[in-house]
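Here is the file data.cif (mmCIF, C-alpha atoms).
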data_protein
#
loop_
_atom_site.label_atom_id
_atom_site.label_comp_id
_atom_site.auth_asym_id
_atom_site.auth_seq_id
_atom_site.Cartn_x
_atom_site.Cartn_y
_atom_site.Cartn_z
CA MET A 15 0.00 0.00 0.00
CA VAL A 16 2.72 2.48 0.99
CA GLY A 17 4.94 1.59 -1.95
CA LEU A 18 2.00 1.93 -4.34
CA TYR A 19 1.18 5.33 -2.90
CA LYS A 20 4.70 6.66 -3.35
CA LYS A 21 5.05 5.29 -6.88
CA SER A 22 1.63 6.66 -7.89
CA GLU A 23 2.45 10.06 -6.43
CA ASN A 24 5.63 10.26 -8.49
CA VAL A 25 3.83 9.15 -11.67
CA VAL A 26 1.08 11.79 -11.25
CA SER A 27 3.67 14.50 -10.66
CA CYS A 28 5.60 13.58 -13.78
CA MET A 29 2.42 13.32 -15.88
CA ILE A 30 1.27 16.79 -14.87
CA LYS A 31 4.66 18.32 -15.62
CA MET A 32 4.82 16.57 -18.99
CA LEU A 33 1.29 17.49 -20.02
CA LEU A 34 1.78 21.15 -19.13
CA SER A 35 5.01 21.39 -21.06
CA PRO A 36 4.56 23.23 -24.40
CA LYS A 37 7.07 20.83 -25.95
CA THR A 38 4.92 17.83 -25.21
CA ASN A 39 3.49 16.18 -28.28
CA ILE A 40 1.69 13.04 -27.21
CA ARG A 41 -1.12 11.04 -28.71
CA LEU A 42 -3.90 10.67 -26.13
CA PRO A 43 -7.11 8.70 -26.37
CA SER A 44 -9.92 10.82 -27.76
CA THR A 45 -11.72 10.94 -24.40
CA LEU A 46 -8.69 12.43 -22.66
CA ARG A 47 -7.86 14.77 -25.55
CA SER A 48 -11.38 16.16 -25.48
CA ILE A 49 -11.08 17.49 -21.92
CA GLY A 50 -8.03 19.55 -22.78
CA THR A 51 -4.90 20.40 -20.82
CA VAL A 52 -6.79 22.15 -18.01
CA GLY A 53 -9.06 19.12 -17.65
CA LEU A 54 -6.09 16.81 -17.48
CA PHE A 55 -4.53 19.03 -14.84
CA LEU A 56 -7.71 18.91 -12.73
CA LEU A 57 -7.93 15.14 -13.21
CA GLY A 58 -4.36 14.77 -12.00
CA CYS A 59 -5.07 16.98 -8.99
CA SER A 60 -8.12 14.85 -8.13
CA LEU A 61 -6.07 11.68 -8.35
CA ALA A 62 -3.33 13.19 -6.19
CA ALA A 63 -5.93 14.31 -3.63
CA PHE A 64 -7.36 10.81 -3.54
CA LEU A 65 -3.92 9.33 -2.94
CA VAL A 66 -3.27 11.84 -0.16
CA PHE A 67 -6.60 10.85 1.42
CA VAL A 68 -5.66 7.18 1.25
CA ARG A 69 -2.25 7.96 2.74
CA THR A 70 -3.62 10.02 5.66
CA HIS A 71 -6.81 8.14 6.47
CA PRO A 72 -6.57 6.64 10.01
CA TRP A 73 -6.70 3.06 8.77
CA THR A 74 -3.95 3.46 6.19
CA GLN A 75 -2.04 5.78 8.51
CA ASN A 76 -1.96 3.07 11.15
CA PHE A 77 -0.84 0.61 8.50
CA TYR A 78 1.93 2.99 7.43
CA VAL A 79 3.09 3.64 11.00
CA GLN A 80 3.16 -0.10 11.72
CA LYS A 81 5.28 -0.69 8.63
CA GLU A 82 7.63 2.09 9.67
CA MET A 83 7.94 0.52 13.14
CA GLU A 84 8.69 -2.85 11.59
CA ARG A 85 11.29 -1.24 9.36
CA GLU A 86 12.89 0.27 12.43
CA ILE A 87 13.56 -3.07 14.06
CA LEU A 88 14.24 -5.32 11.08
CA PRO A 89 17.93 -6.02 10.42
CA ARG A 90 19.43 -3.39 8.16
CA PHE A 91 22.00 -5.86 6.92
CA ASP A 92 22.53 -9.60 7.05
CA ARG A 93 26.04 -10.67 7.95
CA SER A 94 25.27 -14.22 6.89
CA THR A 95 25.06 -13.15 3.25
CA CYS A 96 27.24 -10.04 2.90
CA CYS A 97 31.02 -9.84 2.60
CA VAL A 98 32.83 -9.55 5.92
CA SER A 99 35.13 -6.83 4.57
CA VAL A 100 36.35 -5.32 1.33
CA ASP A 101 39.40 -7.58 1.22
CA ARG A 102 37.48 -10.75 2.23
CA PRO A 103 35.01 -11.75 -0.52
CA GLU A 104 33.18 -14.24 1.70
CA ASP A 105 30.40 -13.99 4.25
CA ILE A 106 30.66 -14.67 7.99
CA CYS A 107 30.02 -18.36 7.32
CA GLY A 108 32.96 -18.59 4.90
CA ARG A 109 30.79 -18.88 1.78
CA PRO A 110 32.19 -17.19 -1.37
CA ASN A 111 30.47 -15.01 -3.97
CA CYS A 112 28.78 -12.55 -1.61
CA THR A 113 27.62 -9.45 -3.42
CA SER A 114 27.76 -6.56 -0.94
CA SER A 115 29.93 -5.45 1.96
CA CYS A 116 28.77 -5.64 5.55
CA LEU A 117 28.92 -2.59 7.77
CA GLN A 118 32.26 -2.42 9.51
CA LYS A 119 32.12 -3.89 12.98
CA ASP A 120 33.17 -0.61 14.57
CA ARG A 121 30.06 0.98 13.02
CA VAL A 122 27.74 -1.71 14.32
CA THR A 123 26.25 -0.50 17.59
CA ALA A 124 23.57 -2.31 19.53
CA ALA A 125 20.24 -0.56 19.91
CA LEU A 126 20.92 -0.48 23.64
CA GLU A 127 23.90 1.79 23.17
CA ASN A 128 22.03 4.07 20.78
CA ASP A 129 19.67 5.09 23.55
CA GLN A 130 19.83 8.70 24.71
CA VAL A 131 21.00 7.43 28.08
CA LYS A 132 24.57 6.18 27.88
CA PHE A 133 24.01 2.50 28.28
CA CYS A 134 27.42 1.63 29.62
CA SER A 135 27.28 4.36 32.25
CA ASP A 136 28.26 3.21 35.72
CA GLU A 137 25.67 5.43 37.40
CA LYS A 138 23.38 2.46 38.05
CA GLU A 139 23.74 -1.27 38.14
CA LYS A 140 21.97 -2.98 35.23
CA ALA A 141 19.52 -5.84 35.07
CA PHE A 142 18.11 -7.61 32.01
CA PHE A 143 15.03 -9.52 30.96
CA LEU A 144 14.77 -11.07 27.48
CA GLU A 145 11.45 -11.29 25.60
CA THR A 146 12.10 -13.77 22.79
CA SER A 147 8.62 -14.56 21.46
CA GLY A 148 8.54 -11.58 19.06
CA THR A 149 5.24 -10.20 20.37
CA GLY A 150 6.67 -6.81 21.36
CA SER A 151 4.75 -6.89 24.63
CA LEU A 152 4.49 -8.64 27.99
CA ASN A 153 1.63 -10.58 29.49
CA PHE A 154 0.56 -9.71 33.04
CA ARG A 155 2.64 -12.43 34.68
CA GLN A 156 5.78 -11.32 32.85
CA ALA A 157 5.07 -7.69 33.67
CA CYS A 158 4.66 -8.71 37.32
CA SER A 159 8.20 -10.10 37.31
CA VAL A 160 9.59 -6.89 35.82
CA GLU A 161 7.74 -4.72 38.32
CA SER A 162 8.82 -6.82 41.30
CA LEU A 163 12.49 -6.32 40.40
CA ALA A 164 12.07 -2.57 39.81
CA LEU A 165 9.99 -2.16 42.97
CA HIS A 166 12.46 -3.81 45.33
CA ASN A 167 15.58 -2.46 43.60
CA PRO A 168 15.04 1.22 42.73
CA ASN A 169 18.78 1.68 42.15
CA LEU A 170 18.79 -0.92 39.38
CA THR A 171 18.18 0.06 35.76
CA VAL A 172 15.83 -2.72 34.64
CA ASN A 173 16.17 -3.35 30.90
CA VAL A 174 13.55 -5.42 29.07
CA LEU A 175 14.99 -6.45 25.70
CA PHE A 176 12.49 -7.27 22.94
CA LEU A 177 14.07 -9.28 20.15
CA ASP A 178 13.35 -8.22 16.55
CA ALA A 179 9.93 -6.80 17.42
CA PRO A 180 8.48 -3.28 17.68
CA ILE A 181 7.48 -2.49 21.25
CA ILE A 182 3.73 -2.08 21.70
CA SER A 183 4.10 0.66 24.27
CA SER A 184 0.35 1.31 24.32
CA ALA A 185 -0.29 -2.14 25.81
CA THR A 186 -1.74 -1.82 29.31
CA ALA A 187 1.03 -3.66 31.13
CA LEU A 188 3.89 -1.83 29.38
CA SER A 189 2.32 1.63 29.65
CA LYS A 190 1.76 1.16 33.39
CA LEU A 191 5.31 0.00 33.96
CA LYS A 192 6.74 3.03 32.16
CA GLU A 193 4.31 5.37 33.89
CA LYS A 194 5.09 4.21 37.42
CA TYR A 195 8.77 3.22 37.29
CA SER A 196 11.52 5.50 36.07
CA ASN A 197 14.11 2.72 36.37
CA ILE A 198 12.48 0.48 33.74
CA ARG A 199 13.69 0.69 30.14
CA LEU A 200 12.01 -1.08 27.22
CA VAL A 201 14.42 -1.68 24.35
CA SER A 202 13.88 -3.24 20.93
CA ILE A 203 17.05 -4.85 19.61
CA ARG A 204 18.05 -6.08 16.16
CA LEU A 205 19.57 -9.48 16.68
CA ASP A 206 21.78 -9.21 13.59
CA GLU A 207 23.39 -6.13 15.06
CA TYR A 208 23.30 -7.32 18.66
CA VAL A 209 25.37 -10.44 17.96
CA ALA A 210 27.67 -8.78 15.40
CA GLY A 211 31.29 -9.01 16.48
CA THR A 212 30.50 -11.36 19.39
CA PRO A 213 31.40 -15.04 19.86
CA LEU A 214 27.76 -15.89 19.07
CA GLU A 215 27.81 -14.32 15.61
CA HIS A 216 29.00 -17.38 13.69
CA TRP A 217 26.70 -19.70 15.69
CA TYR A 218 23.72 -17.44 15.04
CA HIS A 219 24.21 -17.14 11.28
CA CYS A 220 25.95 -20.32 10.25
CA THR A 221 24.58 -23.24 12.27
CA LYS A 222 21.25 -25.05 12.13
CA TRP A 223 20.18 -24.08 15.66
CA ARG A 224 16.76 -22.92 14.39
CA LYS A 225 15.88 -26.49 13.41
CA GLY A 226 16.15 -27.78 16.98
CA PRO A 227 13.00 -28.37 19.07
CA TYR A 228 14.18 -25.98 21.80
CA HIS A 229 15.64 -23.26 19.59
CA VAL A 230 13.82 -20.35 21.26
CA SER A 231 14.92 -21.47 24.71
CA HIS A 232 18.46 -22.03 23.49
CA LEU A 233 18.61 -18.61 21.87
CA SER A 234 17.65 -17.16 25.25
CA ASP A 235 20.40 -19.23 26.91
CA GLY A 236 23.06 -17.88 24.58
CA LEU A 237 21.85 -14.28 24.70
CA ARG A 238 21.78 -14.10 28.50
CA PHE A 239 25.43 -15.17 28.68
CA MET A 240 26.40 -12.84 25.85
CA THR A 241 24.53 -9.88 27.38
CA LEU A 242 26.25 -10.29 30.74
CA GLN A 243 29.58 -10.63 28.96
CA LYS A 244 28.98 -7.39 27.04
CA TYR A 245 27.54 -5.25 29.82
CA GLY A 246 27.69 -7.03 33.16
CA GLY A 247 24.79 -6.98 35.62
CA TYR A 248 21.85 -9.18 36.55
CA TYR A 249 19.83 -11.48 34.34
CA PHE A 250 16.32 -12.64 35.30
CA ASP A 251 13.85 -14.96 33.62
CA LEU A 252 10.40 -13.45 33.09
CA ASP A 253 8.80 -15.93 35.50
CA VAL A 254 10.73 -14.90 38.64
CA ILE A 255 8.91 -12.75 41.20
CA VAL A 256 11.44 -10.84 43.29
CA VAL A 257 10.47 -10.46 46.96
CA GLN A 258 13.39 -8.46 48.39
CA PRO A 259 16.42 -6.45 47.21
CA VAL A 260 18.92 -8.45 45.19
CA THR A 261 21.84 -6.02 44.88
CA TYR A 262 23.53 -7.35 48.01
CA TYR A 263 24.41 -10.48 45.98
CA ARG A 264 27.03 -10.32 43.24
CA ASN A 265 28.75 -12.73 40.86
CA PHE A 266 26.45 -15.63 41.51
CA VAL A 267 24.13 -18.27 40.17
CA GLY A 268 21.55 -20.04 42.29
CA ALA A 269 21.30 -23.75 42.96
CA ALA A 270 18.29 -25.51 41.45
CA ALA A 271 15.53 -26.85 43.66
CA ASP A 272 16.80 -30.41 43.30
CA GLY A 273 20.13 -29.42 44.85
CA GLU A 274 22.12 -31.21 42.14
CA TYR A 275 22.27 -28.57 39.41
CA VAL A 276 22.51 -24.81 39.10
CA ALA A 277 19.61 -22.74 37.73
CA SER A 278 20.34 -20.24 34.97
CA GLY A 279 17.12 -18.24 35.50
CA VAL A 280 18.90 -15.69 37.70
CA ILE A 281 22.57 -14.77 37.25
CA HIS A 282 24.82 -11.87 38.20
CA ALA A 283 28.26 -11.23 36.78
CA ASP A 284 30.45 -8.18 36.70
CA ARG A 285 31.50 -7.15 33.22
CA GLY A 286 34.45 -9.28 32.15
CA ASN A 287 33.79 -12.02 34.70
CA GLU A 288 35.73 -15.10 33.63
CA VAL A 289 32.94 -17.56 34.47
CA ILE A 290 30.63 -15.81 31.96
CA ASN A 291 33.44 -15.62 29.40
CA LEU A 292 33.87 -19.38 29.72
CA ALA A 293 30.10 -19.90 29.51
CA VAL A 294 29.93 -18.04 26.18
CA LYS A 295 32.82 -20.08 24.77
CA GLU A 296 31.25 -23.31 25.98
CA PHE A 297 27.90 -22.37 24.45
CA VAL A 298 29.43 -21.92 21.00
CA SER A 299 31.89 -24.81 21.03
CA ASN A 300 29.67 -27.48 22.64
CA TYR A 301 26.17 -26.53 21.48
CA ARG A 302 23.57 -29.33 21.36
CA SER A 303 20.24 -28.53 19.73
CA HIS A 304 18.25 -31.56 20.92
CA ILE A 305 18.97 -31.44 24.66
CA TRP A 306 16.88 -28.84 26.47
CA ALA A 307 19.14 -28.08 29.47
CA HIS A 308 22.49 -28.76 27.79
CA ASN A 309 23.10 -25.13 26.74
CA GLY A 310 21.79 -23.48 29.91
CA PRO A 311 21.84 -24.90 33.45
CA HIS A 312 23.93 -27.95 32.53
CA LEU A 313 26.38 -25.69 30.69
CA LEU A 314 26.87 -23.56 33.78
CA LEU A 315 27.50 -26.62 35.91
CA ARG A 316 30.13 -27.89 33.43
CA VAL A 317 31.85 -24.51 33.48
CA LEU A 318 31.74 -24.25 37.26
CA LYS A 319 33.18 -27.75 37.73
CA ASN A 320 36.22 -26.69 35.71
CA TRP A 321 36.45 -23.22 37.21
CA CYS A 322 36.02 -24.34 40.83
CA GLU A 323 38.01 -27.56 40.26
CA VAL A 324 35.43 -29.67 42.09
CA GLU A 325 33.05 -32.34 40.85
CA ASN A 326 29.83 -31.62 42.72
CA LEU A 327 27.66 -28.65 43.56
CA GLN A 328 27.92 -29.16 47.32
CA SER A 329 31.68 -28.53 47.21
CA MET A 330 31.35 -25.23 45.35
CA ASN A 331 31.76 -22.11 47.45
CA TYR A 332 33.15 -18.60 47.31
CA VAL A 333 36.69 -19.81 47.99
CA SER A 334 36.83 -22.85 45.71
CA CYS A 335 35.11 -20.89 42.91
CA ARG A 336 37.51 -17.94 43.22
CA GLY A 337 34.97 -15.24 44.01
CA PHE A 338 31.94 -16.70 42.23
CA ASN A 339 28.98 -17.67 44.44
CA ILE A 340 26.48 -20.50 44.26
CA LEU A 341 23.49 -19.35 46.28
CA PRO A 342 21.36 -21.98 48.06
CA LYS A 343 18.26 -23.32 46.30
CA SER A 344 16.02 -21.38 48.70
CA SER A 345 17.30 -18.10 47.18
CA PHE A 346 15.35 -18.38 43.91
CA GLN A 347 13.82 -21.85 43.77
CA PRO A 348 12.20 -22.40 47.18
CA VAL A 349 9.55 -24.57 45.48
CA HIS A 350 10.52 -27.62 43.42
CA TYR A 351 9.42 -27.53 39.78
CA SER A 352 7.33 -30.67 40.33
CA ASN A 353 5.24 -28.85 42.94
CA THR A 354 4.14 -25.77 40.98
CA LYS A 355 0.52 -26.46 42.01
CA GLU A 356 1.59 -24.99 45.36
CA PHE A 357 1.27 -21.53 43.82
CA PHE A 358 -2.34 -22.07 42.77
CA VAL A 359 -4.07 -23.93 45.60
CA GLN A 360 -6.76 -22.08 47.52
CA ARG A 361 -5.64 -21.58 51.12
CA LEU A 362 -7.90 -21.61 54.15
CA ALA A 363 -9.13 -18.16 55.14
CA ASN A 364 -7.28 -18.27 58.46
CA LYS A 365 -4.00 -18.99 56.62
CA THR A 366 -4.04 -16.06 54.19
CA LEU A 367 -2.30 -13.68 56.60
CA GLU A 368 0.62 -16.08 57.03
CA ASN A 369 3.55 -16.47 54.68
CA PRO A 370 3.93 -19.92 53.12
CA THR A 371 6.27 -22.07 55.14
CA TRP A 372 8.88 -22.05 52.37
CA LEU A 373 8.90 -18.23 52.07
CA ASN A 374 11.53 -17.28 54.65
CA THR A 375 14.13 -14.52 54.87
CA ASN A 376 16.54 -16.47 52.64
CA VAL A 377 14.20 -16.21 49.64
CA VAL A 378 15.18 -13.41 47.26
CA GLY A 379 12.93 -14.39 44.37
CA VAL A 380 10.39 -17.07 43.54
CA HIS A 381 10.76 -18.97 40.26
CA THR A 382 7.21 -19.87 39.16
CA PHE A 383 8.23 -22.20 36.28
CA ASN A 384 6.02 -20.68 33.61
CA ASN A 385 6.42 -23.59 31.18
CA LEU A 386 4.78 -25.85 33.74
CA SER A 387 2.32 -23.40 35.28
CA LYS A 388 1.17 -21.15 32.42
CA ASP A 389 -2.12 -23.03 31.97
CA ARG A 390 -3.12 -22.70 35.61
CA PRO A 391 -5.31 -19.61 36.10
CA ILE A 392 -4.65 -16.92 38.70
CA PHE A 393 -7.79 -15.44 40.27
CA LYS A 394 -7.48 -11.95 41.71
CA ASN A 395 -10.19 -12.54 44.30
CA SER A 396 -8.70 -15.74 45.67
CA THR A 397 -6.47 -17.06 48.43
CA GLN A 398 -3.92 -18.49 45.99
CA ILE A 399 -0.28 -17.96 46.91
CA TYR A 400 0.44 -16.63 43.41
CA THR A 401 -2.31 -14.04 43.92
CA TRP A 402 -0.75 -12.99 47.23
CA LEU A 403 2.72 -12.79 45.65
CA ALA A 404 1.45 -10.61 42.81
CA LYS A 405 -0.65 -8.34 45.01
CA THR A 406 2.31 -7.79 47.35
CA HIS A 407 5.26 -7.58 44.97
CA CYS A 408 3.79 -6.15 41.74
CA PRO A 409 0.90 -3.98 42.99
CA VAL A 410 0.66 -1.76 39.89
CA ILE A 411 0.32 -4.67 37.47
CA PHE A 412 -2.00 -6.50 39.84
CA SER A 413 -4.30 -3.47 39.93
CA VAL A 414 -4.76 -3.45 36.14
CA ALA A 415 -4.74 -7.18 35.53
CA PRO A 416 -8.06 -8.85 34.64
CA ASN A 417 -9.87 -10.92 37.24
CA VAL A 418 -8.30 -14.05 35.79
CA PHE A 419 -4.78 -13.83 34.37
#

Can the structure from this file be put into C-alpha cells for me?
Amino acid sequence: MVGLYKKSENVVSCMIKMLLSPKTNIRLPSTLRSIGTVGLFLLGCSLAAFLVFVRTHPWTQNFYVQKEMEREILPRFDRSTCCVSVDRPEDICGRPNCTSSCLQKDRVTAALENDQVKFCSDEKEKAFFLETSGTGSLNFRQACSVESLALHNPNLTVNVLFLDAPIISSATALSKLKEKYSNIRLVSIRLDEYVAGTPLEHWYHCTKWRKGPYHVSHLSDGLRFMTLQKYGGYYFDLDVIVVQPVTYYRNFVGAAADGEYVASGVIHADRGNEVINLAVKEFVSNYRSHIWAHNGPHLLLRVLKNWCEVENLQSMNYVSCRGFNILPKSSFQPVHYSNTKEFFVQRLANKTLENPTWLNTNVVGVHTFNNLSKDRPIFKNSTQIYTWLAKTHCPVIFSVAPNVF
C-alpha cells in the first residue's frame, strides 16, 4: 500500500509536468484529448488528492506507522550473506560469492547503546530480561516479574529487551510499567546487530540451531550469557517474582531446587567475569540442539566444575570458585518444579495472613516455572499464593490485571 502510494504520487507529478510542457506532443485517447490540458490538470489533482486521502486516512495511517515501526527493528543488513570486509570476498560463514559489503564492525552498535541514556554508564547497576517470542509486549505475569524487580531495587536500571519486534508501548502492562517506574527501560534490539562481532555471531548465522525443538529457549540461553559478557549486571527470567532487594548479591548463580544442578534463570556477573566468558565459549563450542538443558543450566554446571576444580555442587563455594557464588536453592527456587501447584491452591481463610512455610528470609525471588504453570489460572479474588505474591510484589500490574490472568 505504501509503496503503491509513493510510486503513484511520483507518476502523477511527472504526468502533470509533462502534459503542461509546451514541448509535449503526445497522442492521447480521444476521451482524454477532449477534456483539454486544463481538464487533465484537474484530473491529475483529483487523483493526487485521492492518494493523499488514502495515505492520511486513520486506517492506512496506522498501516503505514506499523510498517515504519517494523522497518525500524528489522535487520538493516545480514552478515550471513554479505562480505565480511572489502578484502574478504566471503560472508561470515565462509561462503564465497557474496555481493555486498557488511557494515564495519566498529560501526555496528547495539540498539541499547544508541539510547539517549549512555548504556554503559556506571551510574546504576543494570539488570536484564529477554522477551524472545517476538510479540513486542508482555503478558501480566511477565510484567509482574519486571515490576517486582524494579519495585524492590530502585537503584537498578531494569532493561527489558524485545528481540526483533516493535514495542507495543500502548499495551496496558507496558504503559503502566513506564508510567510508574523511572528505572524500567524497554528496548527493541536487532539481533543481527546485537550479535555482530561477538562469539555468538557465527553460531547465530551459520549453524542449524533454528531447526532444533528448543531453539527459542536455546537462543535465550546464549543471549543471557552474551549480554552479561557485554555489559555485566543481573539477568532474570520473566517468571521470577522478586520479593526483596537483590543487589547485596554479586557474581552468583543459584542452585536448582533439586540441589544437584545450578539454575540459569537468575545470574549476576560483573562485566568481564571469567565464568561468563567461559560460559559463552562453551555455548558456542559445545552446542547441542536436541537437549533442552544442555546449553543453559547444565552448561553452567560444566563450566563451574572446571572453574572451581570440584566435581559436585555441594563442594562449590566462594573460595573454591575464586569469588563466584552458588546461592542456596532457597534463594530463587524455594519450590521444586514438580510442585508448581503450590502456587495455585486455595488456602484456608485463616492462613491467608501467614507467609507460606517455604517463604523465609533467605528467599530473594520465587521462580514460578512458567512452562509448567502457564495453563493454571490466577484469580485476583482468591487465596492463591500466586495471587498474594502478585498483590504484594507487583501492585501496579496487579491493579490493572483482569480478574483471571

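The space separating CA of Ile281 in chain A from CA of Phe346 in chain A comes to 10.5 Å.
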
Quick one, how far is CA of Val377 in chain A from CA of Ala269 in chain A?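 Those two atoms sit 12.3 Å apart.
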
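One finds CA of Gln258 in chain A at 15.9 Å from CA of Thr382 in chain A.
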
The residue from A:Gln360, A:Ser352, A:Trp217, A:Pro110 with the smallest atom-to-atom distance to Phe297 in chain A, counting only C-alpha atoms, is A:Trp217

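For the residues A:Tyr400, A:Phe142, A:Trp321, A:Phe176, ranking by smallest atom-to-atom distance to Asn287 in chain A using only C-alpha atoms places A:Trp321 first.
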
A:Val280, A:Ile106, A:Ile392, A:Cys96: which is nearest Tyr263 in chain A, counting all atoms listed in the file?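 For Tyr263 in chain A, the nearest of the given residues is A:Val280.
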
Matched chain/residue IDs from the PyMOL selection byres ((chain A and resi 231) around 12), as number ranges by chain: A: 144-147, 223-224, 226-230, 232-238, 251, 278-279, 303-311, 385

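If you apply the PyMOL selection byres ((chain A and resi 182) around 6) to this structure, you end up with A:Gly150, A:Ser151, A:Ile181, A:Ser183, A:Ser184, A:Ala185.
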
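Put simply, the PyMOL selection byres ((chain A and resi 261) around 9) in this file takes in Glu139, Asn167, Asn169, Leu170, Tyr248, Pro259, Val260, Tyr262, Tyr263 and Arg264 of chain A.
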
Generate a file of the selected residues that holds C-alpha atoms, formatted as a compact mmCIF listing (two decimals), keeping the file's coordinate frame.
# COMPACT_ATOMS: atom_id res chain seq x y z
CA GLU A 139 23.74 -1.27 38.14
CA ASN A 167 15.58 -2.46 43.60
CA ASN A 169 18.78 1.68 42.15
CA LEU A 170 18.79 -0.92 39.38
CA TYR A 248 21.85 -9.18 36.55
CA PRO A 259 16.42 -6.45 47.21
CA VAL A 260 18.92 -8.45 45.19
CA TYR A 262 23.53 -7.35 48.01
CA TYR A 263 24.41 -10.48 45.98
CA ARG A 264 27.03 -10.32 43.24

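Comparing the minimum interatomic distances between Cys322 in chain A and each of A:Gly108, A:Tyr301, A:Leu163, A:Val289, counting all atoms listed in the file, we find that A:Val289 sits nearest.
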
Select, from A:Thr212, A:Asn353, A:Thr221, A:Thr397, the residue with the minimum atom-to-atom distance to Cys107 in chain A, counting all atoms listed in the file.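 For Cys107 in chain A, the nearest of the given residues is A:Thr221.
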
Closest of A:Phe383, A:Phe239, A:Trp372, A:Phe357 to Ser396 in chain A - atom-to-atom distances counting all atoms listed in the file: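 Smallest separation from Ser396 in chain A among the options: A:Phe357.
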
Using the file's own x, y and z axes, so that the box edges lie along x, y and z, what centre and edge lengths in Å (one decimal) does a box around every listed atom of range 179-195 of chain A get when 5 Å is added on each side? Give it as JSON.
{"center_x": 4.1, "center_y": -0.7, "center_z": 27.4, "size_x": 21.7, "size_y": 22.2, "size_z": 30.0}

Spatial neighbours of Ile399 in chain A, 9 Å, all atoms listed in the file, chain gap at least 3 places, as a PDB file with C-alpha atoms, keeping the file's coordinate frame:
ATOM      1  CA  GLU A 356       1.590 -24.990  45.360  1.00  0.00           C
ATOM      2  CA  PHE A 357       1.270 -21.530  43.820  1.00  0.00           C
ATOM      3  CA  PHE A 358      -2.340 -22.070  42.770  1.00  0.00           C
ATOM      4  CA  VAL A 359      -4.070 -23.930  45.600  1.00  0.00           C
ATOM      5  CA  GLN A 360      -6.760 -22.080  47.520  1.00  0.00           C
ATOM      6  CA  ARG A 361      -5.640 -21.580  51.120  1.00  0.00           C
ATOM      7  CA  THR A 366      -4.040 -16.060  54.190  1.00  0.00           C
ATOM      8  CA  ASN A 369       3.550 -16.470  54.680  1.00  0.00           C
ATOM      9  CA  PRO A 370       3.930 -19.920  53.120  1.00  0.00           C
ATOM     10  CA  SER A 396      -8.700 -15.740  45.670  1.00  0.00           C
ATOM     11  CA  TRP A 402      -0.750 -12.990  47.230  1.00  0.00           C
ATOM     12  CA  LEU A 403       2.720 -12.790  45.650  1.00  0.00           C
ATOM     13  CA  ALA A 404       1.450 -10.610  42.810  1.00  0.00           C
TER      14      ALA A 404
END

When you look at Asn320 in chain A with a cut-off of 12 Å (counting all atoms listed in the file), what residues show up, excluding the ones that are within fewer than 4 positions of it in the same chain? I need them as a list in words. Glu288, Val289, Leu292, Ala293, Glu296, Leu313, Leu314, Leu315, Arg316, Val324, Glu325, Asn326, Leu327, Met330, Ser334, Cys335 and Arg336 of chain A
